[in-house]
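Before any comments, here is the structure.
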Amino acid sequence: MFAGLLGIFIGGGQALQTAVNSRLRGYLGSPFYASLISFSGGTLCLALVALLSGQSLWISATTWANTPFWLWIGGSLGVIVLTSNILLFPRLGSMQTALMPILGQVLMGVLIDHLGWFGAPQQSFGLTRLGGVILVLAGIFITVVLPNLRQAKNTVASGLWGWRVLGVLAGGLSATQTAMNGTLGRLLDSAILAAFVSFFLGALCLILLVALKEGRWQRLPQAFQAGMPIWCIGGGCLGAFFITGSVILVPLIGTGLTVLVSLLGLIGGSLLIDQFGLLGSPRKRIHAVQWLGLFILLGGIALVRLG
């Protein structure tokens with residue numbers, strides 16, 4: 001019960017983070033700079049939480065030497081996923097940009113569980129879990145795709161299939177990051193420290209990316225001068241909550257179920273943000289069929305859990 005509620009909350013936090021970062025991007029005029037501010041804020045937030053809880057941020061040379069190198073690249077994968085979404089949005093539109101990575105997350109999460117990749121707890125893939133995954137995909141289709149079928153028809157050109165594949169691969173990398181961070185948290189015996197490492201290395205990658213692409217660092221003070229609310233820089237703390245929660249959940253319920261439960265919170269939170277126009281987002285009417293899709297998605301998660 002605790003794991004399920006935590007997963008839903010971190011997914012809802014991710015939906016809020018998306019809305020906050022969207023406003024931040026609007027003021028800064030650069031998605032990469034906005035991501036850098038978000039990652040940097042998350043890094044500082046996690047460092048503060050670690051210090052207040054008496055945890056050290058120091059990692060010994062022995063730990064670095066005895067830990068597989070791939071466990072330290074979770075933050076870099078997060079940057080790749082973020083950049084992929086930036087590239088996909090103008091080509092596929094909002095609906096497919098959301099759907100393709102979700103498909104990749106679900107499929108890769110189940111595969112990681114079945115094969116025990118990246119140190120994740122191994123969970124066999126039986127008929128019950130298969131039925132649950134089918135229900136999850138059906139729920140996602142009903143919630144995300146059905147209300148946007150007209151948009152889907154406008155983006156069926158065969159030349160876009162390469163971008164759709166990129167979206168699925170980006171979702172797979174997101175699930176991989178979740179598994180890696182979960183294993184790293186277990187080895188370091190600290191979910192907060194593992195999340196800090198992920199955010200810190202991701203921020204370093206974004207500093208390099210912004211330096212190469214932007215070449216200027218005045219956007220943030222200019223945004224405040226233009227009247228940007230202070231809460232616009234708080235998306236990183238919500239992201240830190242998501243990563244830390246994922247690190248806690250993976251050893252408990254596995255990568256696949258962590259992905260599915262957080263997706264329920266993400267989609268549900270996104271619908272609520274649209275319904276009420278939270279954080280300055282444009283209000284959009286939520287169709288009854290979308291709530292039906294959420295219930296189907298919840299039923300699929302229950303089947304995966306039973307499996």
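Residue numbering restarts at 1 in every chain; chains get A, B, ... in the order shown in the structure tokens, and ligands count up from 1 in that same order.
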Region 193-201 of chain A surroundings by only C-alpha atoms, 7 Å radius, close-in-sequence under 3 positions cut, as a PyMOL selection string | chain A and resi 39+42-43+46-47+57+74-76+181+184-185+188+190+204-205+240+243-244
For those residues, write N, CA and C atoms to a file as a compact mmCIF listing (two decimals), in the first residue's frame.
```txt
# COMPACT_ATOMS: atom_id res chain seq x y z
N PHE A 39 17.83 20.99 -13.02
CA PHE A 39 18.78 20.00 -12.50
C PHE A 39 19.61 20.60 -11.36
N GLY A 42 17.49 20.82 -8.23
CA GLY A 42 17.34 19.50 -7.63
C GLY A 42 18.59 19.05 -6.91
N THR A 43 19.76 19.34 -7.49
CA THR A 43 21.03 18.99 -6.86
C THR A 43 21.19 19.70 -5.52
N LEU A 46 18.71 18.27 -2.87
CA LEU A 46 19.12 16.98 -2.33
C LEU A 46 20.34 17.12 -1.42
N ALA A 47 21.26 18.01 -1.78
CA ALA A 47 22.42 18.24 -0.93
C ALA A 47 21.99 18.78 0.44
N LEU A 57 27.90 13.57 1.75
CA LEU A 57 27.85 13.51 0.28
C LEU A 57 29.14 12.95 -0.30
N GLY A 74 23.24 7.41 -14.66
CA GLY A 74 21.81 7.63 -14.65
C GLY A 74 21.44 9.08 -14.97
N GLY A 75 22.19 10.03 -14.40
CA GLY A 75 21.92 11.43 -14.68
C GLY A 75 22.12 11.78 -16.14
N SER A 76 23.13 11.18 -16.77
CA SER A 76 23.37 11.43 -18.20
C SER A 76 22.22 10.90 -19.03
N ASN A 181 19.42 3.81 -10.89
CA ASN A 181 19.40 4.60 -9.66
C ASN A 181 18.94 3.78 -8.46
N LEU A 184 21.92 1.71 -7.48
CA LEU A 184 22.93 2.58 -6.87
C LEU A 184 22.52 2.95 -5.45
N GLY A 185 21.25 3.23 -5.25
CA GLY A 185 20.78 3.55 -3.90
C GLY A 185 20.97 2.40 -2.94
N LEU A 188 24.83 2.18 -2.20
CA LEU A 188 25.29 3.28 -1.37
C LEU A 188 24.57 3.32 -0.03
N SER A 190 21.72 4.57 0.53
CA SER A 190 21.12 5.89 0.71
C SER A 190 20.40 6.30 -0.57
N LEU A 204 26.10 18.56 -14.56
CA LEU A 204 27.39 18.78 -15.22
C LEU A 204 27.26 18.63 -16.74
N CYS A 205 26.50 17.61 -17.16
CA CYS A 205 26.28 17.42 -18.61
C CYS A 205 25.57 18.62 -19.21
N ALA A 240 13.72 16.03 -7.83
CA ALA A 240 14.49 15.32 -6.80
C ALA A 240 13.59 14.36 -6.03
N ILE A 243 13.03 11.27 -8.33
CA ILE A 243 14.18 10.37 -8.42
C ILE A 243 14.39 9.64 -7.10
N THR A 244 14.28 10.36 -5.98
CA THR A 244 14.48 9.72 -4.67
C THR A 244 13.41 8.66 -4.42
```
If you count only C-alpha atoms, which residues fall within 12 Å of Val210 (chain A), apart from same-chain ones fewer than 2 positions away, as a list in words?
-> Ser30, Pro31, Phe32, Tyr33, Ala34, Ser35, Leu36, Ile37, Val79, Thr83, Ala203, Leu204, Cys205, Leu206, Ile207, Leu208, Leu212, Lys213, Glu214, Gly215, Arg216, Trp217, Gln218 and Arg219 of chain A
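The shortest atom-to-atom distance to Ser22 (chain A), with only C-alpha atoms taken into account, belongs to A:Ser38 out of A:Ser56, A:Asn66, A:Ser38, A:Val247.
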Report as a PyMOL selection string: the residues of region 32-172 of chain A with a DSSP assignment of helix (DSSP H, G or I), based on the backbone of this structure.
-> chain A and resi 32-52+61-66+69-72+74-115+117-119+127-153+158-172
Keeping only C-alpha atoms, write the selected residues as a tab-separated table (two decimals), in the first residue's frame.
```
chain	number	residue	atom	x	y	z
A	32	PHE	CA	18.34	23.60	-22.29
A	33	TYR	CA	18.86	26.52	-19.90
A	34	ALA	CA	15.56	25.71	-18.20
A	35	SER	CA	16.67	22.11	-17.75
A	36	LEU	CA	20.00	23.27	-16.30
A	37	ILE	CA	18.19	25.42	-13.72
A	38	SER	CA	15.91	22.49	-12.89
A	39	PHE	CA	18.78	20.00	-12.50
A	40	SER	CA	20.85	22.49	-10.48
A	41	GLY	CA	17.91	23.22	-8.17
A	42	GLY	CA	17.34	19.50	-7.63
A	43	THR	CA	21.03	18.99	-6.86
A	44	LEU	CA	21.04	21.77	-4.25
A	45	CYS	CA	17.77	20.51	-2.74
A	46	LEU	CA	19.12	16.98	-2.33
A	47	ALA	CA	22.42	18.24	-0.93
A	48	LEU	CA	20.52	20.28	1.69
A	49	VAL	CA	18.30	17.31	2.64
A	50	ALA	CA	21.36	15.05	2.96
A	51	LEU	CA	23.22	17.50	5.17
A	52	LEU	CA	20.20	18.20	7.39
A	61	ALA	CA	37.51	5.96	-3.78
A	62	THR	CA	36.93	2.32	-2.82
A	63	THR	CA	33.24	2.65	-3.57
A	64	TRP	CA	33.97	4.24	-6.95
A	65	ALA	CA	36.46	1.49	-7.80
A	66	ASN	CA	34.24	-1.43	-6.73
A	69	PHE	CA	30.78	2.28	-14.08
A	70	TRP	CA	27.30	2.13	-15.66
A	71	LEU	CA	25.66	2.79	-12.29
A	72	TRP	CA	26.97	6.35	-12.37
A	74	GLY	CA	21.81	7.63	-14.65
A	75	GLY	CA	21.92	11.43	-14.68
A	76	SER	CA	23.37	11.43	-18.20
A	77	LEU	CA	20.52	9.21	-19.36
A	78	GLY	CA	18.08	11.72	-17.87
A	79	VAL	CA	19.65	14.49	-19.96
A	80	ILE	CA	19.36	12.33	-23.11
A	81	VAL	CA	15.68	11.68	-22.38
A	82	LEU	CA	15.06	15.37	-21.79
A	83	THR	CA	16.82	16.39	-25.01
A	84	SER	CA	14.91	13.74	-26.98
A	85	ASN	CA	11.59	15.16	-25.78
A	86	ILE	CA	12.69	18.62	-26.87
A	87	LEU	CA	13.47	17.28	-30.35
A	88	LEU	CA	10.26	15.24	-30.59
A	89	PHE	CA	7.73	17.88	-29.58
A	90	PRO	CA	7.83	20.08	-32.71
A	91	ARG	CA	7.77	17.02	-34.99
A	92	LEU	CA	5.23	14.71	-33.36
A	93	GLY	CA	3.08	17.05	-31.28
A	94	SER	CA	2.27	16.81	-27.59
A	95	MET	CA	0.20	13.60	-27.75
A	96	GLN	CA	2.76	11.38	-29.50
A	97	THR	CA	5.65	13.01	-27.62
A	98	ALA	CA	3.97	11.77	-24.42
A	99	LEU	CA	2.82	8.39	-25.76
A	100	MET	CA	5.98	7.05	-27.43
A	101	PRO	CA	8.25	7.42	-24.35
A	102	ILE	CA	5.52	5.93	-22.14
A	103	LEU	CA	5.39	2.89	-24.42
A	104	GLY	CA	9.17	2.57	-24.16
A	105	GLN	CA	9.06	2.92	-20.38
A	106	VAL	CA	6.45	0.18	-19.96
A	107	LEU	CA	8.13	-2.32	-22.29
A	108	MET	CA	11.65	-1.71	-20.97
A	109	GLY	CA	10.51	-1.76	-17.35
A	110	VAL	CA	8.90	-5.18	-17.75
A	111	LEU	CA	11.94	-6.48	-19.67
A	112	ILE	CA	14.35	-5.28	-16.96
A	113	ASP	CA	12.27	-7.03	-14.31
A	114	HIS	CA	12.05	-10.27	-16.29
A	115	LEU	CA	15.79	-10.49	-17.02
A	117	TRP	CA	19.14	-6.25	-15.77
A	118	PHE	CA	21.10	-3.45	-14.06
A	119	GLY	CA	20.92	-5.16	-10.69
A	127	LEU	CA	0.35	-14.64	-18.06
A	128	THR	CA	-1.02	-12.51	-15.22
A	129	ARG	CA	1.65	-9.86	-15.72
A	130	LEU	CA	1.12	-10.02	-19.49
A	131	GLY	CA	-2.60	-9.36	-19.00
A	132	GLY	CA	-1.75	-6.47	-16.68
A	133	VAL	CA	0.61	-4.90	-19.23
A	134	ILE	CA	-2.06	-5.20	-21.95
A	135	LEU	CA	-4.56	-3.44	-19.67
A	136	VAL	CA	-1.99	-0.74	-18.88
A	137	LEU	CA	-1.35	-0.10	-22.58
A	138	ALA	CA	-5.10	-0.05	-23.22
A	139	GLY	CA	-5.60	2.46	-20.40
A	140	ILE	CA	-2.82	4.68	-21.76
A	141	PHE	CA	-4.35	4.50	-25.25
A	142	ILE	CA	-7.80	5.46	-23.97
A	143	THR	CA	-6.49	8.27	-21.76
A	144	VAL	CA	-3.87	9.79	-24.06
A	145	VAL	CA	-4.72	8.83	-27.63
A	146	LEU	CA	-8.52	8.72	-27.99
A	147	PRO	CA	-9.07	12.41	-27.13
A	148	ASN	CA	-6.43	13.36	-29.71
A	149	LEU	CA	-7.25	11.10	-32.66
A	150	ARG	CA	-7.54	14.06	-35.02
A	151	GLN	CA	-4.03	15.16	-34.09
A	152	ALA	CA	-2.81	11.60	-34.59
A	153	LYS	CA	-4.27	11.54	-38.11
A	158	SER	CA	5.83	7.67	-42.83
A	159	GLY	CA	8.81	10.03	-42.53
A	160	LEU	CA	8.03	10.45	-38.84
A	161	TRP	CA	8.58	6.83	-37.91
A	162	GLY	CA	12.23	7.46	-37.12
A	163	TRP	CA	11.21	10.09	-34.59
A	164	ARG	CA	8.61	7.75	-33.11
A	165	VAL	CA	11.29	5.09	-32.64
A	166	LEU	CA	13.49	7.71	-30.96
A	167	GLY	CA	10.60	8.42	-28.56
A	168	VAL	CA	10.26	4.74	-27.65
A	169	LEU	CA	14.03	4.46	-27.13
A	170	ALA	CA	13.99	7.57	-24.92
A	171	GLY	CA	11.29	5.96	-22.78
A	172	GLY	CA	13.41	2.82	-22.53
```
